[in-house]
Amino acid sequence: MDPVALESSNTLAKNGHTAGNIPNDGTGVVALDPYLEPFKPALKRRFDKAQEWIKKIEKTEGGLDKFSKGADTFGIHQNDDGSIYYKEWAPNAKQAALIGEFNNWDRNAHRMTRNDFGVFEITIPPTSDGKAAIPHNSKIKISLELPDGQWIDRLPAWIKYVTQDLSVSPAYDARFWNPPASERYSFKHQRPKRPESLRIYEAHVGISSPELRVTTYKEFTKNMLPRIKSLGYNAIQLMAIMEHAYYASFGYQVNNFFAASSRYGPPEDLKELVDTAHSLGLVVLLDVVHSHASKNVLDGLNEFDGTDHQYFHAGAKGKHELWDSRLFNYGHHEVLRFLLSNLRFWMDEYHFDGFRFDGVTSMLYLHHGIGTGFSGGYHEYFGADVDEEAVVYLMLANELLHELYPDVITVAEDVSGMPALCLPLSLGGVGFDYRLAMAIPDMWIKILKEKKDEEWDIGNITFTLTNRRHGEKTIAYAESHDQALVGDKSLMMHLCDAELYTHMSTLTPLTPVIDRGMALHKMIRLLTHALGGEGYLNFEGNEFGHPEWLDFPREGNQNSFWYARRQLNLTEDRLLRYQFLNNFDRSMNLCENKYGWLHAPQAYISLKHEGDKVIVFERAGVVFAFNFHPTQSFENYRIGVDVAGTYRVVLDSDTKEHGGFSRVDSNTRFFTEPLEWNHRRNCTHIYLPCRTALVFALESTTTPNGH
């Protein structure tokens, strides 16, 4: 990281600290990137807009802290005296009533009072025996009278638990989640410290079993958490937690923003999952969807108060053409309350450690990235196409999160490469901690689709892996859930295709296709891990080359679960080669955990040899050597090494344990000589077999067996 970024505070507060004499007016990012100089007015404008919101919220709400506690008052709650309090914003409605099983859905039984801002509220006293008038887990709705006299029923916008009974209707039912104290989950473990090197395991609870059904939170806790820990990951990114009516949407068509999906179990089970992860030293990130919302009316936010512009923009501006969903109005006071409170709710109620913000590109631009390519010209990031209200919302979100939770982690899914997205707010950045390196998986897929092995462009590969914005941290990945979805192929499917079904058994001959596929699968992942960023991400199952694609039950596949599962049992079968890829993934993560290359400065690449297909670089004091040549191994291959000493191999993709041939003796000691080579002060000679990656470290850092 750049010292300026490191020394500047991630806050919009007027007392926010910037390094040196850098201005605290939103233009400080120019110190890191002088090419931003012409865009100072735009940088200052969005910074000022964020400041204006903070001042307004301070004046009208008592500050961002209080403002973001909306979930404490909005929605339905039981007070200490047993009474029930319910509050809802529905400005277009004339009247409102709370209805449910508790009052036989009678609109006249519990009418609500309305204030001048269109906020309705009601307090329902306890029953004569002191119990809450609305029983735990009973169904409720809000009924609203529109200006034309029509009554409509909606699920409360801040509802925390909704359930679906497909035998009755695809629409969800809202339930008052209010378990007795004896049934509430009590957190037992502190949040782990924020990792210096972020190694993320991206997971979906529902597919985390080989069985043809939806996996539960309880099963994920019992079976997946120890597995993830054992593989050397220190963070989990949970997808599809916010409630979504359509399972096949992968969780990206959210209906109920405060409800944890009930298809995997009740809310208390998710709390246990997060708490157990914390006990293992794992941080848990939520894949949060604030870029759009489901268009569902009966059980979503759409047309909640009878208009199309309560939470969303009116007309075409409020609709996403490709996703067929609704787009938030980030410039509205109550929408900001809803979204900022939503972030805080997931942090406080479920003890999440941060967020991966989905669809940030769609948020940042009025064109939402539809039919638009990004050339990298700075005018694309600061022109009329930018949605400054959305940019300011993201700045406020990062301000809130980083002020309240110093160890929080925020990750932006942005394909556009917007400058300053991951720079501190005091410098005029948007305040994210990391961005996803979305160009890297695209590069690997393109190479595997279009190039023969001998045609691989080593220079272009290393350029793409290191082409990231100075001072902004990046999470690299070779593939994510996007590449696993039906219609695409995972790396292992691209590499091996049909032979995955016939030749992954150790009882069958090792074919050239499987040999190549396994070797490249390991090399691609290690090269991405070591060179591509300051964090690393893997999608569940891809670490061992999971066969087949991911396809959720839907009408088009006869509602089959066959592809909506991860066959994690494949690594447990000693007669299958998947175990070797799984072993390598663990070895790779544990090696990084020891040497810490992800939080070290960018690598120095000393060799990119197109003919030999060799890449050599150093990072965090370790030396990486990759030979992508399909047939040529190199003996006594001279490589540059900056620090003199005796080196040992600490990671070898070619060991038997990793499904290779053990062509390199793990006991070999490599001595440097003071001969400058490839702009390094010293050199040594190594044996570098074809399609093999080796990592060397100073002998003094290794244990006796070199690991």
# chains A, B, ... in the order shown; residues from 1 in each chain; ligands from 1
$ select_by_dssp --residues "region 9-123 of chain A" --states "strand (DSSP E or B)" --output "PyMOL selection string"
chain A and resi 75-78+84-89+95-100+111+113-114+119-123
$ select_by_dssp --residues "region 325-425 of chain A" --states "helix (DSSP H, G or I)" --output "CSV table (one decimal) with all heavy atoms, in the first residue's frame"
chain,number,residue,atom,x,y,z
A,333,HIS,N,-33.7,10.7,1.7
A,333,HIS,CA,-33.4,10.6,3.1
A,333,HIS,C,-33.8,9.3,3.7
A,333,HIS,O,-33.1,8.6,4.4
A,333,HIS,CB,-34.2,11.8,3.9
A,333,HIS,CG,-33.8,11.9,5.3
A,333,HIS,ND1,-32.9,12.9,5.7
A,333,HIS,CD2,-34.2,11.3,6.4
A,333,HIS,CE1,-32.7,12.8,7.0
A,333,HIS,NE2,-33.6,11.9,7.5
A,334,GLU,N,-35.1,8.8,3.5
A,334,GLU,CA,-35.6,7.6,4.1
A,334,GLU,C,-34.9,6.3,3.4
A,334,GLU,O,-34.8,5.3,4.1
A,334,GLU,CB,-37.1,7.5,4.0
A,334,GLU,CG,-37.8,8.5,4.9
A,334,GLU,CD,-37.5,8.4,6.3
A,334,GLU,OE1,-37.2,7.2,6.8
A,334,GLU,OE2,-37.4,9.4,7.0
A,335,VAL,N,-34.6,6.4,2.2
A,335,VAL,CA,-33.9,5.3,1.5
A,335,VAL,C,-32.5,5.2,2.1
A,335,VAL,O,-32.0,4.0,2.4
A,335,VAL,CB,-33.8,5.5,0.0
A,335,VAL,CG1,-33.0,4.4,-0.7
A,335,VAL,CG2,-35.2,5.6,-0.6
A,336,LEU,N,-31.8,6.3,2.4
A,336,LEU,CA,-30.5,6.2,3.1
A,336,LEU,C,-30.7,5.6,4.5
A,336,LEU,O,-29.8,4.8,4.9
A,336,LEU,CB,-29.9,7.6,3.2
A,336,LEU,CG,-29.3,8.2,1.9
A,336,LEU,CD1,-28.7,9.6,2.3
A,336,LEU,CD2,-28.2,7.3,1.3
A,337,ARG,N,-31.7,6.0,5.2
A,337,ARG,CA,-31.9,5.4,6.5
A,337,ARG,C,-32.1,3.9,6.4
A,337,ARG,O,-31.5,3.1,7.2
A,337,ARG,CB,-33.2,6.0,7.1
A,337,ARG,CG,-33.4,5.5,8.6
A,337,ARG,CD,-34.9,5.7,9.1
A,337,ARG,NE,-35.4,7.0,8.9
A,337,ARG,CZ,-35.2,8.0,9.8
A,337,ARG,NH1,-34.4,7.9,10.8
A,337,ARG,NH2,-35.8,9.2,9.5
A,338,PHE,N,-32.9,3.5,5.4
A,338,PHE,CA,-33.2,2.0,5.2
A,338,PHE,C,-31.9,1.3,4.9
A,338,PHE,O,-31.6,0.2,5.6
A,338,PHE,CB,-34.2,1.9,4.1
A,338,PHE,CG,-34.6,0.5,3.9
A,338,PHE,CD1,-35.7,-0.1,4.6
A,338,PHE,CD2,-34.1,-0.3,2.9
A,338,PHE,CE1,-36.1,-1.4,4.4
A,338,PHE,CE2,-34.5,-1.6,2.6
A,338,PHE,CZ,-35.5,-2.1,3.4
A,339,LEU,N,-31.1,1.8,4.0
A,339,LEU,CA,-29.9,1.0,3.5
A,339,LEU,C,-28.8,1.1,4.6
A,339,LEU,O,-28.1,0.0,4.8
A,339,LEU,CB,-29.4,1.6,2.2
A,339,LEU,CG,-30.4,1.4,1.0
A,339,LEU,CD1,-29.9,2.0,-0.2
A,339,LEU,CD2,-30.6,-0.1,0.7
A,340,LEU,N,-28.5,2.2,5.1
A,340,LEU,CA,-27.5,2.3,6.2
A,340,LEU,C,-27.8,1.5,7.4
A,340,LEU,O,-27.0,0.8,8.0
A,340,LEU,CB,-27.2,3.8,6.5
A,340,LEU,CG,-26.6,4.6,5.4
A,340,LEU,CD1,-26.5,6.1,5.9
A,340,LEU,CD2,-25.2,4.2,5.1
A,341,SER,N,-29.1,1.5,7.8
A,341,SER,CA,-29.6,0.7,8.9
A,341,SER,C,-29.5,-0.8,8.6
A,341,SER,O,-29.2,-1.6,9.5
A,341,SER,CB,-31.0,1.1,9.3
A,341,SER,OG,-31.1,2.4,9.7
A,342,ASN,N,-29.6,-1.1,7.3
A,342,ASN,CA,-29.5,-2.5,6.9
A,342,ASN,C,-28.1,-3.0,7.1
A,342,ASN,O,-27.9,-4.1,7.7
A,342,ASN,CB,-30.0,-2.6,5.5
A,342,ASN,CG,-30.1,-4.1,5.0
A,342,ASN,OD1,-29.5,-4.5,4.0
A,342,ASN,ND2,-30.9,-4.9,5.7
A,343,LEU,N,-27.1,-2.2,6.7
A,343,LEU,CA,-25.7,-2.6,7.0
A,343,LEU,C,-25.5,-2.8,8.5
A,343,LEU,O,-24.9,-3.8,8.9
A,343,LEU,CB,-24.8,-1.6,6.4
A,343,LEU,CG,-24.8,-1.3,4.9
A,343,LEU,CD1,-24.0,-0.1,4.5
A,343,LEU,CD2,-24.4,-2.6,4.1
A,344,ARG,N,-25.9,-1.8,9.2
A,344,ARG,CA,-25.7,-1.9,10.7
A,344,ARG,C,-26.4,-3.1,11.3
A,344,ARG,O,-25.8,-3.8,12.2
A,344,ARG,CB,-26.1,-0.6,11.3
A,344,ARG,CG,-25.8,-0.6,12.8
A,344,ARG,CD,-25.7,0.8,13.3
A,344,ARG,NE,-25.2,0.8,14.7
A,344,ARG,CZ,-25.0,1.9,15.4
A,344,ARG,NH1,-25.3,3.1,14.9
A,344,ARG,NH2,-24.6,1.8,16.6
A,345,PHE,N,-27.6,-3.4,10.8
A,345,PHE,CA,-28.3,-4.5,11.4
A,345,PHE,C,-27.6,-5.8,11.2
A,345,PHE,O,-27.5,-6.6,12.1
A,345,PHE,CB,-29.7,-4.6,10.6
A,345,PHE,CG,-30.5,-5.8,10.9
A,345,PHE,CD1,-31.2,-6.0,12.1
A,345,PHE,CD2,-30.5,-6.9,10.0
A,345,PHE,CE1,-31.9,-7.1,12.4
A,345,PHE,CE2,-31.2,-8.1,10.3
A,345,PHE,CZ,-31.9,-8.2,11.5
A,346,TRP,N,-27.0,-6.1,10.0
A,346,TRP,CA,-26.3,-7.3,9.8
A,346,TRP,C,-25.1,-7.4,10.6
A,346,TRP,O,-24.7,-8.5,11.1
A,346,TRP,CB,-26.0,-7.5,8.3
A,346,TRP,CG,-27.2,-7.8,7.4
A,346,TRP,CD1,-27.8,-6.9,6.6
A,346,TRP,CD2,-28.0,-9.0,7.4
A,346,TRP,NE1,-28.9,-7.5,6.0
A,346,TRP,CE2,-29.0,-8.8,6.5
A,346,TRP,CE3,-27.9,-10.2,8.1
A,346,TRP,CZ2,-30.0,-9.7,6.2
A,346,TRP,CZ3,-28.8,-11.2,7.8
A,346,TRP,CH2,-29.8,-11.0,6.9
A,347,MET,N,-24.4,-6.3,10.9
A,347,MET,CA,-23.2,-6.2,11.7
A,347,MET,C,-23.6,-6.5,13.2
A,347,MET,O,-22.9,-7.3,13.9
A,347,MET,CB,-22.5,-4.9,11.6
A,347,MET,CG,-21.9,-4.6,10.3
A,347,MET,SD,-20.5,-5.6,9.8
A,347,MET,CE,-19.2,-5.0,10.9
A,348,ASP,N,-24.7,-5.9,13.7
A,348,ASP,CA,-25.0,-5.9,15.1
A,348,ASP,C,-25.8,-7.2,15.4
A,348,ASP,O,-25.6,-7.8,16.5
A,348,ASP,CB,-25.8,-4.7,15.5
A,348,ASP,CG,-25.0,-3.4,15.5
A,348,ASP,OD1,-23.8,-3.6,15.4
A,348,ASP,OD2,-25.6,-2.3,15.6
A,349,GLU,N,-26.8,-7.5,14.6
A,349,GLU,CA,-27.7,-8.6,14.9
A,349,GLU,C,-27.0,-10.0,14.7
A,349,GLU,O,-27.2,-10.9,15.5
A,349,GLU,CB,-29.0,-8.5,14.1
A,349,GLU,CG,-30.0,-9.6,14.4
A,349,GLU,CD,-30.8,-9.3,15.7
A,349,GLU,OE1,-30.7,-8.2,16.3
A,349,GLU,OE2,-31.5,-10.3,16.1
A,350,TYR,N,-26.3,-10.1,13.6
A,350,TYR,CA,-25.7,-11.4,13.3
A,350,TYR,C,-24.1,-11.4,13.4
A,350,TYR,O,-23.5,-12.4,13.2
A,350,TYR,CB,-26.1,-11.7,11.8
A,350,TYR,CG,-27.5,-12.1,11.7
A,350,TYR,CD1,-28.5,-11.2,11.3
A,350,TYR,CD2,-27.9,-13.4,12.0
A,350,TYR,CE1,-29.8,-11.5,11.2
A,350,TYR,CE2,-29.3,-13.7,11.9
A,350,TYR,CZ,-30.2,-12.8,11.5
A,350,TYR,OH,-31.5,-13.1,11.4
A,360,VAL,N,-21.6,-3.1,-7.8
A,360,VAL,CA,-21.2,-1.7,-7.6
A,360,VAL,C,-21.1,-0.9,-8.9
A,360,VAL,O,-21.4,0.3,-8.9
A,360,VAL,CB,-19.8,-1.6,-6.8
A,360,VAL,CG1,-19.2,-0.2,-6.8
A,360,VAL,CG2,-20.1,-2.1,-5.3
A,361,THR,N,-20.7,-1.6,-9.9
A,361,THR,CA,-20.6,-0.9,-11.3
A,361,THR,C,-22.0,-0.4,-11.7
A,361,THR,O,-22.2,0.7,-12.1
A,361,THR,CB,-20.1,-1.9,-12.3
A,361,THR,OG1,-18.9,-2.4,-11.9
A,361,THR,CG2,-19.9,-1.2,-13.7
A,362,SER,N,-23.0,-1.2,-11.4
A,362,SER,CA,-24.4,-0.8,-11.7
A,362,SER,C,-24.8,0.4,-10.9
A,362,SER,O,-25.5,1.3,-11.4
A,362,SER,CB,-25.4,-1.9,-11.5
A,362,SER,OG,-26.7,-1.5,-11.7
A,363,MET,N,-24.3,0.5,-9.7
A,363,MET,CA,-24.6,1.6,-8.8
A,363,MET,C,-23.9,2.9,-9.3
A,363,MET,O,-24.5,4.0,-9.3
A,363,MET,CB,-24.3,1.3,-7.4
A,363,MET,CG,-25.0,0.2,-6.8
A,363,MET,SD,-24.3,-0.3,-5.1
A,363,MET,CE,-25.0,1.1,-4.1
A,364,LEU,N,-22.7,2.8,-9.7
A,364,LEU,CA,-21.8,3.9,-9.9
A,364,LEU,C,-22.2,4.7,-11.2
A,364,LEU,O,-21.9,5.9,-11.2
A,364,LEU,CB,-20.4,3.5,-10.1
A,364,LEU,CG,-19.7,2.9,-8.8
A,364,LEU,CD1,-18.3,2.4,-9.2
A,364,LEU,CD2,-19.6,4.0,-7.7
A,379,HIS,N,-12.3,10.2,-18.1
A,379,HIS,CA,-13.6,10.9,-18.3
A,379,HIS,C,-14.8,10.0,-18.1
A,379,HIS,O,-15.9,10.5,-17.8
A,379,HIS,CB,-13.6,11.5,-19.8
A,379,HIS,CG,-13.6,10.5,-20.8
A,379,HIS,ND1,-12.5,9.8,-21.2
A,379,HIS,CD2,-14.6,9.9,-21.6
A,379,HIS,CE1,-12.8,8.9,-22.1
A,379,HIS,NE2,-14.1,9.0,-22.4
A,380,GLU,N,-14.5,8.7,-18.2
A,380,GLU,CA,-15.6,7.8,-18.0
A,380,GLU,C,-16.0,7.7,-16.6
A,380,GLU,O,-17.2,7.3,-16.2
A,380,GLU,CB,-15.2,6.4,-18.5
A,380,GLU,CG,-15.0,6.3,-20.0
A,380,GLU,CD,-14.3,5.0,-20.5
A,380,GLU,OE1,-13.7,4.3,-19.6
A,380,GLU,OE2,-14.4,4.7,-21.7
A,381,TYR,N,-15.1,8.0,-15.7
A,381,TYR,CA,-15.3,7.8,-14.3
A,381,TYR,C,-15.8,9.1,-13.5
A,381,TYR,O,-16.2,9.0,-12.4
A,381,TYR,CB,-14.0,7.4,-13.6
A,381,TYR,CG,-13.4,6.2,-14.2
A,381,TYR,CD1,-12.1,6.2,-14.7
A,381,TYR,CD2,-14.1,5.0,-14.2
A,381,TYR,CE1,-11.5,5.1,-15.2
A,381,TYR,CE2,-13.5,3.8,-14.8
A,381,TYR,CZ,-12.2,3.9,-15.3
A,381,TYR,OH,-11.6,2.8,-15.8
A,382,PHE,N,-15.8,10.2,-14.2
A,382,PHE,CA,-16.1,11.5,-13.6
A,382,PHE,C,-17.1,12.3,-14.5
A,382,PHE,O,-17.3,13.5,-14.2
A,382,PHE,CB,-14.9,12.3,-13.2
A,382,PHE,CG,-14.0,11.5,-12.3
A,382,PHE,CD1,-12.9,10.9,-12.7
A,382,PHE,CD2,-14.3,11.5,-10.9
A,382,PHE,CE1,-12.0,10.2,-11.9
A,382,PHE,CE2,-13.5,10.8,-10.0
A,382,PHE,CZ,-12.3,10.1,-10.5
A,388,GLU,N,-23.8,10.3,-9.0
A,388,GLU,CA,-23.1,10.8,-7.9
A,388,GLU,C,-23.9,10.6,-6.6
A,388,GLU,O,-23.3,10.4,-5.5
A,388,GLU,CB,-22.8,12.3,-8.0
A,388,GLU,CG,-21.7,12.6,-9.0
A,388,GLU,CD,-21.2,14.0,-9.0
A,388,GLU,OE1,-21.8,14.9,-8.3
A,388,GLU,OE2,-20.1,14.3,-9.6
A,389,GLU,N,-25.2,10.4,-6.7
A,389,GLU,CA,-26.0,10.1,-5.5
A,389,GLU,C,-25.6,8.7,-5.0
A,389,GLU,O,-25.4,8.5,-3.7
A,389,GLU,CB,-27.5,10.1,-5.8
A,389,GLU,CG,-28.0,11.5,-6.0
A,389,GLU,CD,-29.5,11.6,-6.2
A,389,GLU,OE1,-30.0,10.5,-6.6
A,389,GLU,OE2,-30.1,12.6,-6.1
A,390,ALA,N,-25.3,7.8,-5.9
A,390,ALA,CA,-24.9,6.4,-5.5
A,390,ALA,C,-23.5,6.4,-5.0
A,390,ALA,O,-23.2,5.7,-4.0
A,390,ALA,CB,-25.0,5.5,-6.7
A,391,VAL,N,-22.6,7.2,-5.6
A,391,VAL,CA,-21.2,7.3,-5.1
A,391,VAL,C,-21.2,7.8,-3.7
A,391,VAL,O,-20.5,7.3,-2.8
A,391,VAL,CB,-20.4,8.2,-6.0
A,391,VAL,CG1,-19.0,8.5,-5.4
A,391,VAL,CG2,-20.3,7.7,-7.4
A,392,VAL,N,-22.0,8.9,-3.4
A,392,VAL,CA,-22.1,9.5,-2.1
A,392,VAL,C,-22.7,8.5,-1.1
A,392,VAL,O,-22.2,8.4,0.0
A,392,VAL,CB,-22.9,10.8,-2.1
A,392,VAL,CG1,-23.3,11.2,-0.7
A,392,VAL,CG2,-22.2,11.9,-2.9
A,393,TYR,N,-23.7,7.7,-1.5
A,393,TYR,CA,-24.2,6.6,-0.6
A,393,TYR,C,-23.1,5.7,-0.2
A,393,TYR,O,-23.0,5.3,1.0
A,393,TYR,CB,-25.4,5.9,-1.2
A,393,TYR,CG,-25.6,4.6,-0.5
A,393,TYR,CD1,-26.0,4.6,0.8
A,393,TYR,CD2,-25.3,3.3,-1.1
A,393,TYR,CE1,-26.2,3.4,1.5
A,393,TYR,CE2,-25.4,2.1,-0.4
A,393,TYR,CZ,-25.9,2.2,0.9
A,393,TYR,OH,-26.0,1.0,1.7
A,394,LEU,N,-22.3,5.2,-1.2
A,394,LEU,CA,-21.2,4.3,-0.9
A,394,LEU,C,-20.2,4.9,0.1
A,394,LEU,O,-19.6,4.3,0.9
A,394,LEU,CB,-20.6,3.8,-2.1
A,394,LEU,CG,-21.5,2.9,-3.0
A,394,LEU,CD1,-20.9,2.6,-4.4
A,394,LEU,CD2,-21.8,1.6,-2.3
A,395,MET,N,-20.0,6.2,-0.1
A,395,MET,CA,-19.0,6.9,0.8
A,395,MET,C,-19.6,7.0,2.2
A,395,MET,O,-18.9,6.7,3.2
A,395,MET,CB,-18.8,8.4,0.3
A,395,MET,CG,-18.0,8.4,-1.0
A,395,MET,SD,-17.9,10.1,-1.8
A,395,MET,CE,-16.6,10.8,-0.8
A,396,LEU,N,-20.9,7.3,2.3
A,396,LEU,CA,-21.5,7.3,3.6
A,396,LEU,C,-21.5,5.9,4.3
A,396,LEU,O,-21.3,5.8,5.5
A,396,LEU,CB,-23.0,7.8,3.5
A,396,LEU,CG,-23.2,9.3,3.1
A,396,LEU,CD1,-24.6,9.6,2.9
A,396,LEU,CD2,-22.6,10.2,4.2
A,397,ALA,N,-21.8,4.9,3.4
A,397,ALA,CA,-21.8,3.5,4.0
A,397,ALA,C,-20.4,3.1,4.5
A,397,ALA,O,-20.3,2.6,5.6
A,397,ALA,CB,-22.2,2.5,2.9
A,398,ASN,N,-19.4,3.5,3.8
A,398,ASN,CA,-18.0,3.2,4.3
A,398,ASN,C,-17.6,4.0,5.5
A,398,ASN,O,-17.0,3.6,6.4
A,398,ASN,CB,-17.0,3.4,3.2
A,398,ASN,CG,-16.9,2.1,2.3
A,398,ASN,OD1,-16.6,1.1,2.8
A,398,ASN,ND2,-17.2,2.3,1.0
A,399,GLU,N,-18.1,5.3,5.5
A,399,GLU,CA,-17.9,6.1,6.7
A,399,GLU,C,-18.5,5.5,7.9
A,399,GLU,O,-17.9,5.3,9.0
A,399,GLU,CB,-18.5,7.5,6.4
A,399,GLU,CG,-18.7,8.4,7.7
A,399,GLU,CD,-17.4,9.1,8.1
A,399,GLU,OE1,-16.4,9.0,7.4
A,399,GLU,OE2,-17.4,9.7,9.1
A,400,LEU,N,-19.8,5.1,7.8
A,400,LEU,CA,-20.5,4.5,8.9
A,400,LEU,C,-19.8,3.2,9.4
A,400,LEU,O,-19.5,3.1,10.6
A,400,LEU,CB,-21.9,4.2,8.5
A,400,LEU,CG,-22.8,3.3,9.5
A,400,LEU,CD1,-23.3,4.2,10.6
A,400,LEU,CD2,-23.9,2.6,8.8
A,401,LEU,N,-19.5,2.4,8.5
A,401,LEU,CA,-18.9,1.1,8.9
A,401,LEU,C,-17.6,1.2,9.5
A,401,LEU,O,-17.3,0.6,10.5
A,401,LEU,CB,-18.9,0.1,7.7
A,401,LEU,CG,-20.3,-0.3,7.2
A,401,LEU,CD1,-20.2,-1.0,5.8
A,401,LEU,CD2,-20.9,-1.3,8.2
A,402,HIS,N,-16.7,2.0,8.9
A,402,HIS,CA,-15.3,2.1,9.4
A,402,HIS,C,-15.3,2.9,10.7
A,402,HIS,O,-14.3,2.7,11.5
A,402,HIS,CB,-14.4,2.7,8.3
A,402,HIS,CG,-14.2,1.8,7.2
A,402,HIS,ND1,-14.9,1.7,6.1
A,402,HIS,CD2,-13.2,0.8,7.1
A,402,HIS,CE1,-14.5,0.8,5.3
A,402,HIS,NE2,-13.5,0.2,5.8
A,403,GLU,N,-16.2,3.8,10.9
A,403,GLU,CA,-16.2,4.6,12.2
A,403,GLU,C,-16.7,3.7,13.3
A,403,GLU,O,-16.2,3.7,14.4
A,403,GLU,CB,-17.2,5.8,12.1
A,403,GLU,CG,-16.6,7.0,11.3
A,403,GLU,CD,-15.4,7.6,12.1
A,403,GLU,OE1,-15.7,8.2,13.2
A,403,GLU,OE2,-14.3,7.5,11.7
A,404,LEU,N,-17.7,2.9,13.1
A,404,LEU,CA,-18.3,2.1,14.2
A,404,LEU,C,-17.6,0.8,14.4
A,404,LEU,O,-17.6,0.2,15.5
A,404,LEU,CB,-19.8,1.8,13.9
A,404,LEU,CG,-20.8,2.9,13.9
A,404,LEU,CD1,-22.2,2.5,13.5
A,404,LEU,CD2,-20.8,3.6,15.2
A,425,LEU,N,-11.5,7.8,2.7
A,425,LEU,CA,-12.5,8.9,2.5
A,425,LEU,C,-11.8,10.3,2.7
A,425,LEU,O,-12.2,11.2,2.0
A,425,LEU,CB,-13.6,8.7,3.4
A,425,LEU,CG,-14.5,7.5,3.1
A,425,LEU,CD1,-15.3,7.1,4.4
A,425,LEU,CD2,-15.5,7.8,2.0
$ atom_distance --atom1 "CA of His244 (chain A)" --atom2 "CA of Asn178 (chain A)"
21.3 Å
$ atom_distance --atom1 "CA of Gly660 (chain A)" --atom2 "CA of Asn582 (chain A)"
13.0 Å
$ residues_around --residues "Lys319 (chain A)" --least-positions-apart "5" --cutoff "12 Å" --atoms "only C-alpha atoms" --output "mmCIF file with C-alpha atoms, in the first residue's frame"
data_model
loop_
_atom_site.group_PDB
_atom_site.id
_atom_site.type_symbol
_atom_site.label_atom_id
_atom_site.label_comp_id
_atom_site.auth_asym_id
_atom_site.auth_seq_id
_atom_site.Cartn_x
_atom_site.Cartn_y
_atom_site.Cartn_z
ATOM 1 C CA SER A 291 -27.495 -2.291 -6.064
ATOM 2 C CA HIS A 292 -31.098 -3.277 -6.826
ATOM 3 C CA ALA A 293 -34.131 -5.078 -5.415
ATOM 4 C CA SER A 294 -36.634 -7.679 -6.550
ATOM 5 C CA LYS A 295 -39.619 -6.288 -8.462
ATOM 6 C CA ASN A 302 -41.756 -2.707 -5.007
ATOM 7 C CA ASP A 308 -43.359 3.041 -7.994
ATOM 8 C CA HIS A 309 -41.163 5.724 -6.409
ATOM 9 C CA TYR A 311 -37.787 3.380 -2.264
ATOM 10 C CA PHE A 312 -36.918 3.517 -5.950
ATOM 11 C CA HIS A 313 -36.654 5.993 -8.791
ATOM 12 C CA ALA A 314 -39.893 6.514 -10.718
ATOM 13 C CA ASP A 324 -35.590 -6.957 -14.445
ATOM 14 C CA SER A 325 -35.414 -5.395 -11.005
ATOM 15 C CA ARG A 326 -35.897 -2.080 -9.206
ATOM 16 C CA LEU A 327 -33.218 0.585 -8.623
ATOM 17 C CA PHE A 328 -32.916 2.507 -5.359
ATOM 18 C CA ASN A 329 -33.159 6.279 -5.089
ATOM 19 C CA SER A 362 -24.409 -0.788 -11.742
ATOM 20 C CA LEU A 366 -26.505 5.877 -14.715
ATOM 21 C CA HIS A 367 -26.078 3.452 -17.633
ATOM 22 C CA HIS A 368 -25.438 0.649 -15.053
#
$ residues_around --residues "Met493 (chain A)" --least-positions-apart "4" --cutoff "8 Å" --atoms "only C-alpha atoms" --output "JSON, numbers by chain"
{"A": [489, 497, 498, 500, 545, 547, 548]}
$ residues_around --residues "region 427-440 of chain A" --least-positions-apart "4" --cutoff "6 Å" --atoms "only C-alpha atoms" --output "count of residues only"
19
$ atom_distance --atom1 "CA of Leu6 (chain A)" --atom2 "CA of Tyr365 (chain A)"
28.0 Å
$ closest_residue --among "A:Glu58, A:Ile461, A:Gly383, A:Ile228" --to "Pro41 (chain A)" --atoms "only C-alpha atoms"
A:Gly383
$ closest_residue --among "A:Ala203, A:Leu581, A:Leu465, A:Val622" --to "Ala697 (chain A)" --atoms "only C-alpha atoms"
A:Val622
$ closest_residue --among "A:Tyr405, A:Asn234, A:Tyr378, A:Asp305" --to "Pro34 (chain A)" --atoms "only C-alpha atoms"
A:Tyr378
$ residues_around --residues "Thr113 (chain A)" --least-positions-apart "3" --cutoff "10 Å" --atoms "only C-alpha atoms" --output "list in words"
Lys87, Lys94, Gln95, Ala96, Ala97, His110, Gly118, Val119, Phe120, Glu121, Ile122 and Thr123 of chain A
$ closest_residue --among "A:Ile409, A:Gly621, A:Val513, A:Tyr247" --to "Val214 (chain A)" --atoms "only C-alpha atoms"
A:Tyr247
$ residues_around --residues "Gln567 (chain A)" --least-positions-apart "5" --cutoff "8 Å" --atoms "only C-alpha atoms" --output "list in words"
Ser209, Pro210, Gly541 and His546 of chain A
$ closest_residue --among "A:Leu520, A:Met588, A:Leu485, A:Leu495" --to "Ser249 (chain A)" --atoms "only C-alpha atoms"
A:Leu485
$ decode --residues "region 220-229 of chain A" --atoms "C-alpha atoms" --output "mmCIF file, in the first residue's frame"
data_model
loop_
_atom_site.group_PDB
_atom_site.id
_atom_site.type_symbol
_atom_site.label_atom_id
_atom_site.label_comp_id
_atom_site.auth_asym_id
_atom_site.auth_seq_id
_atom_site.Cartn_x
_atom_site.Cartn_y
_atom_site.Cartn_z
ATOM 1 C CA PHE A 220 -22.879 -25.695 7.059
ATOM 2 C CA THR A 221 -21.681 -24.967 10.605
ATOM 3 C CA LYS A 222 -20.925 -28.615 11.305
ATOM 4 C CA ASN A 223 -19.460 -29.701 7.954
ATOM 5 C CA MET A 224 -18.183 -26.664 6.058
ATOM 6 C CA LEU A 225 -16.602 -24.474 8.722
ATOM 7 C CA PRO A 226 -13.961 -27.058 9.772
ATOM 8 C CA ARG A 227 -13.274 -27.757 6.094
ATOM 9 C CA ILE A 228 -12.740 -24.076 5.284
ATOM 10 C CA LYS A 229 -10.473 -23.653 8.315
#
